[in-house]
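Data block for start15.cif (mmCIF, C-alpha atoms (C1' of nucleotides)):
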data_model
#
loop_
_atom_site.label_atom_id
_atom_site.label_comp_id
_atom_site.auth_asym_id
_atom_site.auth_seq_id
_atom_site.Cartn_x
_atom_site.Cartn_y
_atom_site.Cartn_z
CA MET A 275 2.50 4.53 0.88
CA PRO A 276 1.63 4.44 4.26
CA GLU A 277 2.68 1.82 6.67
CA LEU A 278 2.57 2.13 10.43
CA PRO A 279 5.31 4.80 10.79
CA GLU A 280 3.75 7.02 8.13
CA VAL A 281 0.27 6.70 9.63
CA GLU A 282 1.64 7.44 13.10
CA THR A 283 3.43 10.50 11.71
CA VAL A 284 0.19 11.71 10.17
CA ARG A 285 -1.63 11.13 13.45
CA ARG A 286 0.88 13.19 15.39
CA GLY A 287 0.67 15.97 12.83
CA LEU A 288 -3.11 16.15 12.83
CA ALA A 289 -3.77 15.67 16.52
CA PRO A 290 -3.01 19.25 17.64
CA ALA A 291 -5.40 20.64 15.03
CA MET A 292 -8.18 18.11 15.56
CA GLU A 293 -8.25 16.98 19.17
CA GLY A 294 -10.66 19.10 21.17
CA ALA A 295 -11.93 20.82 18.02
CA ARG A 296 -15.29 20.46 16.29
CA PHE A 297 -16.08 19.90 12.63
CA THR A 298 -17.61 23.22 11.61
CA ARG A 299 -18.03 22.17 7.98
CA VAL A 300 -17.25 18.97 6.10
CA GLU A 301 -16.94 18.64 2.33
CA ALA A 302 -17.27 15.16 0.84
CA ARG A 303 -16.29 16.10 -2.68
CA ARG A 304 -16.00 12.53 -3.90
CA ARG A 305 -17.79 9.67 -2.26
CA ASP A 306 -16.60 6.84 -4.51
CA LEU A 307 -13.53 5.93 -2.49
CA ARG A 308 -12.42 2.39 -1.71
CA TRP A 309 -15.61 1.99 0.28
CA PRO A 310 -18.18 4.57 -0.75
CA LEU A 311 -18.86 7.28 1.80
CA PRO A 312 -22.48 7.26 2.97
CA LYS A 313 -24.76 10.04 1.78
CA ASP A 314 -25.01 11.51 5.26
CA PHE A 315 -21.26 11.35 5.89
CA ALA A 316 -20.73 15.11 6.15
CA GLN A 317 -23.91 15.57 8.14
CA ARG A 318 -22.92 12.97 10.72
CA LEU A 319 -19.62 14.75 11.33
CA GLN A 320 -20.92 18.30 11.39
CA GLY A 321 -20.79 19.85 14.85
CA GLN A 322 -19.11 16.81 16.43
CA LYS A 323 -16.11 17.24 18.64
CA VAL A 324 -12.99 15.12 18.19
CA GLU A 325 -12.30 13.68 21.62
CA GLY A 326 -9.12 11.95 20.54
CA LEU A 327 -7.19 10.90 17.46
CA GLY A 328 -5.74 7.41 17.71
CA ARG A 329 -4.26 4.74 15.49
CA ARG A 330 -4.76 0.99 15.09
CA ALA A 331 -2.43 -0.68 12.59
CA LYS A 332 -2.65 1.54 9.49
CA TYR A 333 -6.02 3.01 10.46
CA LEU A 334 -6.54 6.44 12.02
CA LEU A 335 -9.42 6.51 14.51
CA ALA A 336 -11.09 9.74 15.52
CA ASP A 337 -13.27 9.42 18.61
CA LEU A 338 -16.27 11.72 18.28
CA SER A 339 -18.59 13.30 20.81
CA SER A 340 -21.55 11.75 18.99
CA GLY A 341 -20.42 8.28 20.03
CA ASP A 342 -19.22 7.51 16.53
CA VAL A 343 -15.67 6.65 15.56
CA LEU A 344 -14.35 7.96 12.27
CA ILE A 345 -12.10 5.31 10.72
CA MET A 346 -9.68 6.60 8.08
CA HIS A 347 -7.32 4.64 5.85
CA LEU A 348 -4.75 6.08 3.45
CA GLY A 349 -4.60 3.15 1.02
CA MET A 350 -1.55 3.37 -1.21
CA SER A 351 -1.52 7.03 -2.13
CA GLY A 352 -3.58 8.87 0.46
CA SER A 353 -2.32 11.84 2.46
CA PHE A 354 -3.62 14.56 4.73
CA ARG A 355 -2.59 18.20 4.47
CA LEU A 356 -3.10 20.69 7.23
CA ARG A 357 -3.65 24.43 6.86
CA ARG A 358 -4.46 27.02 9.47
CA ASN A 359 -6.75 29.99 8.94
CA GLY A 360 -6.34 30.04 5.19
CA GLU A 361 -2.56 30.13 5.30
CA THR A 362 -0.68 28.36 2.58
CA PHE A 363 0.84 25.03 3.44
CA LEU A 364 3.19 25.07 6.35
CA GLY A 365 6.53 23.42 6.33
CA ASP A 366 8.67 22.43 3.40
CA PRO A 367 8.99 25.34 0.98
CA ARG A 368 9.55 22.94 -1.89
CA TYR A 369 5.91 21.95 -1.65
CA PHE A 370 3.44 23.73 -3.90
CA GLU A 371 -0.19 22.88 -4.24
CA THR A 372 -0.85 22.19 -7.90
CA ALA A 373 -4.10 21.92 -9.78
CA LYS A 374 -3.32 18.26 -10.26
CA ASP A 375 -3.16 17.74 -6.52
CA ALA A 376 -6.41 19.58 -5.85
CA LYS A 377 -8.38 17.32 -8.15
CA HIS A 378 -7.74 14.48 -5.74
CA ASP A 379 -8.81 16.40 -2.66
CA HIS A 380 -11.76 14.16 -1.81
CA VAL A 381 -12.66 15.16 1.75
CA VAL A 382 -12.10 18.47 3.53
CA PHE A 383 -12.59 19.05 7.26
CA HIS A 384 -13.00 22.62 8.46
CA MET A 385 -12.25 22.59 12.18
CA SER A 386 -13.23 24.99 14.93
CA SER A 387 -9.50 25.27 15.74
CA GLY A 388 -9.17 27.26 12.52
CA ALA A 389 -7.45 24.35 10.80
CA THR A 390 -8.41 22.85 7.46
CA VAL A 391 -7.62 19.16 7.06
CA THR A 392 -7.69 17.87 3.48
CA PHE A 393 -7.68 14.21 2.47
CA ASN A 394 -6.03 13.75 -0.93
CA ASP A 395 -5.80 10.35 -2.62
CA PRO A 396 -5.09 9.95 -6.35
CA ARG A 397 -5.64 6.20 -6.50
CA ARG A 398 -8.63 6.16 -4.17
CA PHE A 399 -7.52 2.99 -2.39
CA GLY A 400 -8.06 4.83 0.84
CA SER A 401 -11.39 5.64 2.47
CA MET A 402 -13.28 6.64 5.58
CA LYS A 403 -16.04 5.01 7.55
CA LEU A 404 -18.22 5.98 10.50
CA VAL A 405 -19.07 3.32 13.06
CA GLN A 406 -20.60 3.42 16.49
CA ARG A 407 -17.98 3.19 19.22
CA ALA A 408 -20.00 0.50 20.98
CA LYS A 409 -19.73 -1.65 17.85
CA LEU A 410 -16.03 -1.05 17.22
CA GLU A 411 -15.01 -4.49 18.44
CA ARG A 412 -17.18 -6.10 15.80
CA GLU A 413 -16.02 -3.78 13.04
CA PRO A 414 -14.85 -6.01 10.14
CA LEU A 415 -12.03 -3.66 9.17
CA LEU A 416 -10.44 -3.99 12.61
CA ARG A 417 -11.66 -7.29 13.96
CA GLY A 418 -9.06 -9.63 12.46
CA LEU A 419 -6.02 -7.46 13.07
CA GLY A 420 -3.05 -8.94 14.87
CA PRO A 421 -1.12 -7.24 17.69
CA GLU A 422 0.37 -3.76 17.51
CA PRO A 423 4.07 -4.35 16.92
CA LEU A 424 5.12 -1.53 19.25
CA GLY A 425 2.89 -2.74 22.08
CA ASN A 426 4.36 -4.55 25.10
CA GLU A 427 2.27 -7.62 24.41
CA PHE A 428 3.98 -8.15 21.04
CA ASP A 429 6.94 -10.37 21.77
CA ALA A 430 8.81 -13.38 20.41
CA ALA A 431 6.38 -15.85 21.96
CA MET A 432 3.42 -14.17 20.32
CA LEU A 433 5.05 -13.91 16.90
CA ALA A 434 6.29 -17.49 17.01
CA LYS A 435 2.84 -18.74 17.88
CA ALA A 436 1.30 -16.83 14.98
CA CYS A 437 3.89 -18.23 12.56
CA ALA A 438 3.96 -21.80 13.85
CA GLY A 439 2.63 -24.20 11.24
CA LYS A 440 2.64 -21.57 8.49
CA LYS A 441 3.82 -23.00 5.18
CA THR A 442 4.25 -19.60 3.62
CA SER A 443 7.38 -17.45 3.63
CA ILE A 444 8.29 -15.24 6.56
CA LYS A 445 7.97 -12.27 4.19
CA ALA A 446 4.34 -13.13 3.43
CA ALA A 447 3.60 -13.89 7.08
CA LEU A 448 4.87 -10.52 8.31
CA SER A 449 2.89 -8.78 5.57
CA ASP A 450 -0.27 -10.49 6.82
CA GLN A 451 -2.09 -8.01 9.06
CA ARG A 452 -3.56 -10.89 11.09
CA VAL A 453 -0.08 -11.95 12.20
CA VAL A 454 1.15 -8.48 13.15
CA ALA A 455 -0.65 -5.27 12.28
CA GLY A 456 0.93 -2.31 10.54
CA LEU A 457 3.88 -3.61 8.55
CA GLY A 458 3.98 -3.26 4.78
CA ASN A 459 6.45 -4.04 2.05
CA ILE A 460 9.15 -1.57 3.11
CA TYR A 461 9.32 -2.35 6.81
CA VAL A 462 9.03 -6.10 6.31
CA CYS A 463 12.08 -5.99 4.04
CA GLU A 464 13.98 -3.75 6.42
CA ALA A 465 13.11 -5.78 9.51
CA LEU A 466 14.17 -9.05 7.88
CA PHE A 467 17.48 -7.49 6.90
CA ARG A 468 18.11 -6.25 10.43
CA ALA A 469 17.25 -9.68 11.81
CA ARG A 470 19.52 -11.29 9.15
CA LEU A 471 16.70 -13.62 8.08
CA SER A 472 15.99 -14.56 4.49
CA PRO A 473 12.58 -13.41 3.27
CA LYS A 474 12.23 -16.84 1.62
CA ARG A 475 12.56 -18.74 4.89
CA GLN A 476 9.44 -20.67 5.85
CA ALA A 477 7.53 -18.73 8.50
CA SER A 478 7.24 -21.70 10.84
CA THR A 479 11.03 -21.84 11.28
CA ILE A 480 10.98 -19.06 13.88
CA ALA A 481 9.20 -21.48 16.23
CA ASP A 482 10.08 -24.92 17.50
CA ARG A 483 7.71 -27.90 17.29
CA ASN A 484 5.68 -26.68 20.24
CA GLY A 485 5.28 -23.21 18.82
CA GLU A 486 7.85 -21.82 21.26
CA PRO A 487 10.03 -19.00 19.93
CA ASN A 488 13.63 -19.64 18.93
CA GLU A 489 16.47 -17.11 18.66
CA ARG A 490 15.24 -16.07 15.20
CA ALA A 491 11.90 -15.01 16.61
CA VAL A 492 13.65 -12.93 19.25
CA ALA A 493 15.87 -11.25 16.68
CA LEU A 494 12.93 -10.60 14.41
CA VAL A 495 10.78 -8.96 17.08
CA ASP A 496 13.71 -6.76 18.12
CA ALA A 497 14.29 -5.80 14.48
CA ILE A 498 10.63 -4.96 13.86
CA LYS A 499 10.41 -2.73 16.92
CA ALA A 500 13.71 -1.03 16.14
CA VAL A 501 12.96 -0.25 12.52
CA LEU A 502 9.51 1.11 13.38
CA HIS A 503 10.90 3.30 16.17
CA ASP A 504 13.65 4.62 13.88
CA ALA A 505 11.17 5.32 11.09
CA ILE A 506 8.72 7.15 13.34
CA LYS A 507 11.58 9.24 14.69
CA ALA A 508 12.40 10.21 11.09
CA GLY A 509 8.81 11.14 10.29
CA GLY A 510 8.28 8.09 8.09
CA SER A 511 9.47 7.43 4.55
CA SER A 512 8.58 9.81 1.71
CA LEU A 513 8.75 7.94 -1.58
CA ARG A 514 5.97 9.34 -3.70
CA ASP A 515 3.00 10.52 -1.73
CA HIS A 516 3.79 10.55 1.94
CA ARG A 517 4.24 13.91 3.59
CA LYS A 518 3.89 15.00 7.13
CA ALA A 519 0.67 16.86 7.81
CA ASP A 520 2.49 20.19 7.49
CA GLY A 521 3.61 19.30 3.97
CA SER A 522 7.21 18.52 4.92
CA LEU A 523 8.93 15.26 4.02
CA GLY A 524 9.76 12.28 6.17
CA TYR A 525 13.36 11.19 5.70
CA PHE A 526 13.54 7.53 6.66
CA GLN A 527 13.93 6.60 2.98
CA HIS A 528 17.55 7.72 3.34
CA SER A 529 18.01 5.05 5.98
CA PHE A 530 16.77 2.11 3.91
CA ARG A 531 19.34 -0.67 4.06
CA VAL A 532 17.80 -2.88 1.35
CA TYR A 533 14.43 -1.55 0.21
CA ASP A 534 14.56 -0.24 -3.37
CA ARG A 535 18.33 -0.78 -3.45
CA ALA A 536 18.68 -3.68 -5.88
CA GLY A 537 22.21 -3.90 -7.25
CA GLU A 538 23.66 -1.63 -4.59
CA PRO A 539 26.14 -2.90 -2.00
CA CYS A 540 24.85 -4.43 1.19
CA PRO A 541 25.71 -2.05 4.06
CA HIS A 542 27.03 -5.01 6.03
CA CYS A 543 28.95 -7.31 3.66
CA LYS A 544 29.17 -5.12 0.54
CA GLY A 545 27.62 -7.90 -1.54
CA LYS A 546 24.90 -7.08 -4.05
CA ILE A 547 21.36 -6.48 -2.82
CA LYS A 548 18.89 -8.58 -4.76
CA ARG A 549 15.31 -7.97 -5.85
CA ILE A 550 12.92 -10.90 -6.13
CA VAL A 551 9.13 -11.14 -6.39
CA GLN A 552 7.14 -12.83 -3.65
CA THR A 553 3.36 -13.06 -3.73
CA GLY A 554 3.34 -10.41 -6.43
CA ARG A 555 5.40 -7.85 -4.52
CA SER A 556 9.04 -6.82 -4.73
CA THR A 557 11.32 -8.11 -2.01
CA PHE A 558 14.79 -6.66 -1.45
CA TYR A 559 17.41 -8.54 0.54
CA CYS A 560 21.05 -9.51 0.85
CA PRO A 561 21.42 -13.19 -0.07
CA SER A 562 24.71 -13.53 1.80
CA CYS A 563 23.73 -11.84 5.06
CA GLN A 564 20.14 -13.07 5.32
CA LYS A 565 19.76 -16.79 5.91
"C1'" DC B 92 -8.91 -23.16 6.62
"C1'" DC B 93 -4.73 -21.76 3.63
"C1'" DG B 94 -2.08 -19.53 0.02
"C1'" DC B 95 -1.96 -17.37 -4.29
"C1'" DG B 96 -3.28 -14.32 -8.11
"C1'" DG B 97 -6.12 -10.75 -9.83
"C1'" DG B 98 -8.33 -6.52 -9.39
"C1'" DC B 99 -9.29 -1.99 -7.67
"C1'" DC B 100 -7.35 3.19 -9.40
"C1'" DT B 101 -4.05 6.86 -11.07
"C1'" DG B 102 0.51 8.62 -11.97
"C1'" DA B 103 5.50 8.40 -12.71
"C1'" DG B 104 9.23 6.86 -15.20
"C1'" DA B 105 11.58 4.12 -18.77
"C1'" DG B 106 12.11 2.88 -23.48
"C1'" DC B 107 11.08 3.56 -28.21
"C1'" DT C 238 6.51 15.24 -27.57
"C1'" DG C 239 3.88 11.18 -27.11
"C1'" DC C 240 2.79 6.51 -27.01
"C1'" DT C 241 3.06 2.01 -24.46
"C1'" DC C 242 4.55 -0.64 -20.87
"C1'" DT C 243 5.73 -1.57 -16.07
"C1'" DC C 244 5.56 -0.60 -11.49
"C1'" DA C 245 3.99 1.50 -6.97
"C1'" DG C 246 3.89 1.98 0.26
"C1'" DG C 247 -2.72 -1.81 0.66
"C1'" DC C 248 -6.32 -4.71 0.91
"C1'" DC C 249 -10.37 -7.67 -0.54
"C1'" DC C 250 -12.24 -11.43 -3.06
"C1'" DG C 251 -12.53 -15.73 -5.31
"C1'" DC C 252 -10.29 -19.81 -6.81
"C1'" DG C 253 -8.12 -24.29 -6.21
#
Encoded form using C-alpha cells:
Amino acid sequence: MPELPEVETVRRGLAPAMEGARFTRVEARRRDLRWPLPKDFAQRLQGQKVEGLGRRAKYLLADLSSGDVLIMHLGMSGSFRLRRNGETFLGDPRYFETAKDAKHDHVVFHMSSGATVTFNDPRRFGSMKLVQRAKLEREPLLRGLGPEPLGNEFDAAMLAKACAGKKTSIKAALSDQRVVAGLGNIYVCEALFRARLSPKRQASTIADRNGEPNERAVALVDAIKAVLHDAIKAGGSSLRDHRKADGSLGYFQHSFRVYDRAGEPCPHCKGKIKRIVQTGRSTFYCPSCQK
DNA sequence: CCGCGGGCCTGAGAGC
DNA sequence: TGCTCTCAGGCCCGCG
C-alpha cells in the first residue's frame, strides 16, 4: 500500500499515542517478517520512552530513550491500528476486527499512554529493525535514499541532476528511491499526469546536456509536491489495506486522475486512459495529454 | 555501474 | 461453492 502520504498519515495518527510514552509491554508474535526480528526485540523496547516519531521516505522512525531508533516499514500490506484502554477500534464504524485480521497481528505495543498499537501485515513484506542512533547514517536501509520530495532542497535542479544520463523511463526513475524517496506506483502515475509527461519518456529528457533542469523538470517537481500534499490532506489512499491509525479510511483514491482508471475518460481531454506495463508494474496514463 | 526480471508472501476478485 | 489464474500500494538480489 503505503507510499509517502499513507506512511505520513500513519505517523500523524500514532504520534499522539506514542510520543512521550513508554513501551510497558511488547509482543513479538511473529518474528519472520521481511527481515526477521531479533530474539531480544521485545526486550530492547521494554521500558523505553519514545522521544519522537518521525518519517524518512516510507520508513517510520521512533527515537527511543535507550539511544536506539526503531525503524518500521509497512511493505505492501502493513498497517497499524490504535486502541486506547481496551476500547474497540476508534473511527470508522464500518471497520470490524475479524479473526482473519488478528492472525496477521505480528507485533503489539502496549504503551504507558494507555494505547495499544498493533502492527498487522498479511503479506509480511513489512518489518521492523532496531539500530543505534549513532549508526543511523550508515544504516543500509536508509543510506541510499534520495531527497524527501516535500523538503525545500528537492527542486527541479536536483531532480534533473538525478535523471541526467538515465536511459530508463521517467516512470522507472521516479519509482527509484535513490532518485527521490517516498513515491510508489500510484503517486508516480498521478504526478506524471499532472505534469503532462508521458511515463515512457526517457528520464534524461527533463535535463539539458549539462544536467540543468528544463521546463519539464519544473513541472514535474511542482506536480510531485502538489499530489503528495493533496494526498496527505486526504489521509492517503485506501485501496485494500491502508487505514488511518484510528481505523478510518483515507479518501484520496477518489481523487485519482489516472491510477486504476484504464478505459475511463481522461479528466482533461476525455480521451481513454490507458494501462501499460513498465518494469513489471502497471502504469496508467492519458496518451493524448501526456507527452 | 545500470536496467531488468524474479522472488518474497497472502488475499481478493474474475472466470469457469 | 470451489478451483485456478492473475494481480496487488515495496524492495532486494542476481543476471547480463
Problem - Residue list for chain C near chain A as a VMD selection string, 10 Å, all atoms listed in the file - result: chain C and resid 244 to 248
Exercise for the section: For the structure shown, which residues end up in the PyMOL selection byres ((chain B) within 7 of (chain A))? Put them as a ChimeraX atom specification, please? Expected result: /B:95,100-101
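Nearest to Phe558 of chain A of all the residues A:Asn359, A:Ser472, A:Ser353, A:Ser443 is A:Ser472, counting all atoms listed in the file.
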Fill in the blank from the handout: Taken to one decimal, the atom CA of Val391 of chain A-atom CA of Gly287 of chain A distance is 10.6 Å
Practice task
Carefully work through the PyMOL selection byres ((chain C and resi 253) around 12) for this structure and note down the residues it includes, as a PyMOL selection string.
Solution key: (chain B and resi 93-96) or (chain C and resi 251-252)
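Relative to atom CA of Gly418 of chain A, atom CA of Met432 of chain A is found at 15.4 Å.
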Exercise for the section: Would you write out, as a list in words, every residue that the PyMOL selection byres ((chain B and resi 106) around 12) captures in this file? Expected result: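 Written out, the selection comes to DG104, DA105 and DC107 of chain B; DC240, DT241, DC242 and DT243 of chain C.
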Set the distance at 8 Å and use only C-alpha atoms (C1' of nucleotides): which residues neighbour Arg303 of chain A once local chain neighbours fewer than 3 positions away are removed? I'd like the list as a short mmCIF file (atom, residue, chain, number, x, y, z; two decimals) with C-alpha atoms, in the coordinates of the input.
data_model
loop_
_atom_site.label_atom_id
_atom_site.label_comp_id
_atom_site.auth_asym_id
_atom_site.auth_seq_id
_atom_site.Cartn_x
_atom_site.Cartn_y
_atom_site.Cartn_z
CA ASP A 379 -8.81 16.40 -2.66
CA HIS A 380 -11.76 14.16 -1.81
CA VAL A 381 -12.66 15.16 1.75
CA VAL A 382 -12.10 18.47 3.53
#
Practice task
Find the residues with any atom within 12 Å of (6.4, -1.5, 20.5); use all atoms listed in the file and the coordinates as given in the file, and write the answer as a ChimeraX atom specification.
Solution key: /A:278-279,331,421-429,454-456,495-504,506
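Taking atom CA of Pro310 of chain A as the reference point, atom CA of Val453 of chain A is found at 27.7 Å.
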Practice task
Dig up all the protein and nucleic acid residues within 10 Å of (-9.7, -8.8, -10.3) in the file frame, using all atoms listed in the file, and format them as a PyMOL selection string.
Solution key: (chain B and resi 96-99) or (chain C and resi 249-251)
Using the file's own x, y and z axes, what box holds all listed atoms of segment 242-245 of chain C with 5 Å on each side, keeping edges along x, y and z, and what are its centre and edge lengths in Å to one decimal, as AutoDock Vina command-line options?
--center_x 4.9 --center_y 0.0 --center_z -13.9 --size_x 11.7 --size_y 13.1 --size_z 23.9
Exercise for the section: Would you mind telling me which residue in A:Leu327, A:Lys403, A:His384, A:Ala289 lies nearest to Ile345 of chain A when using only C-alpha atoms? Expected result: A:Lys403
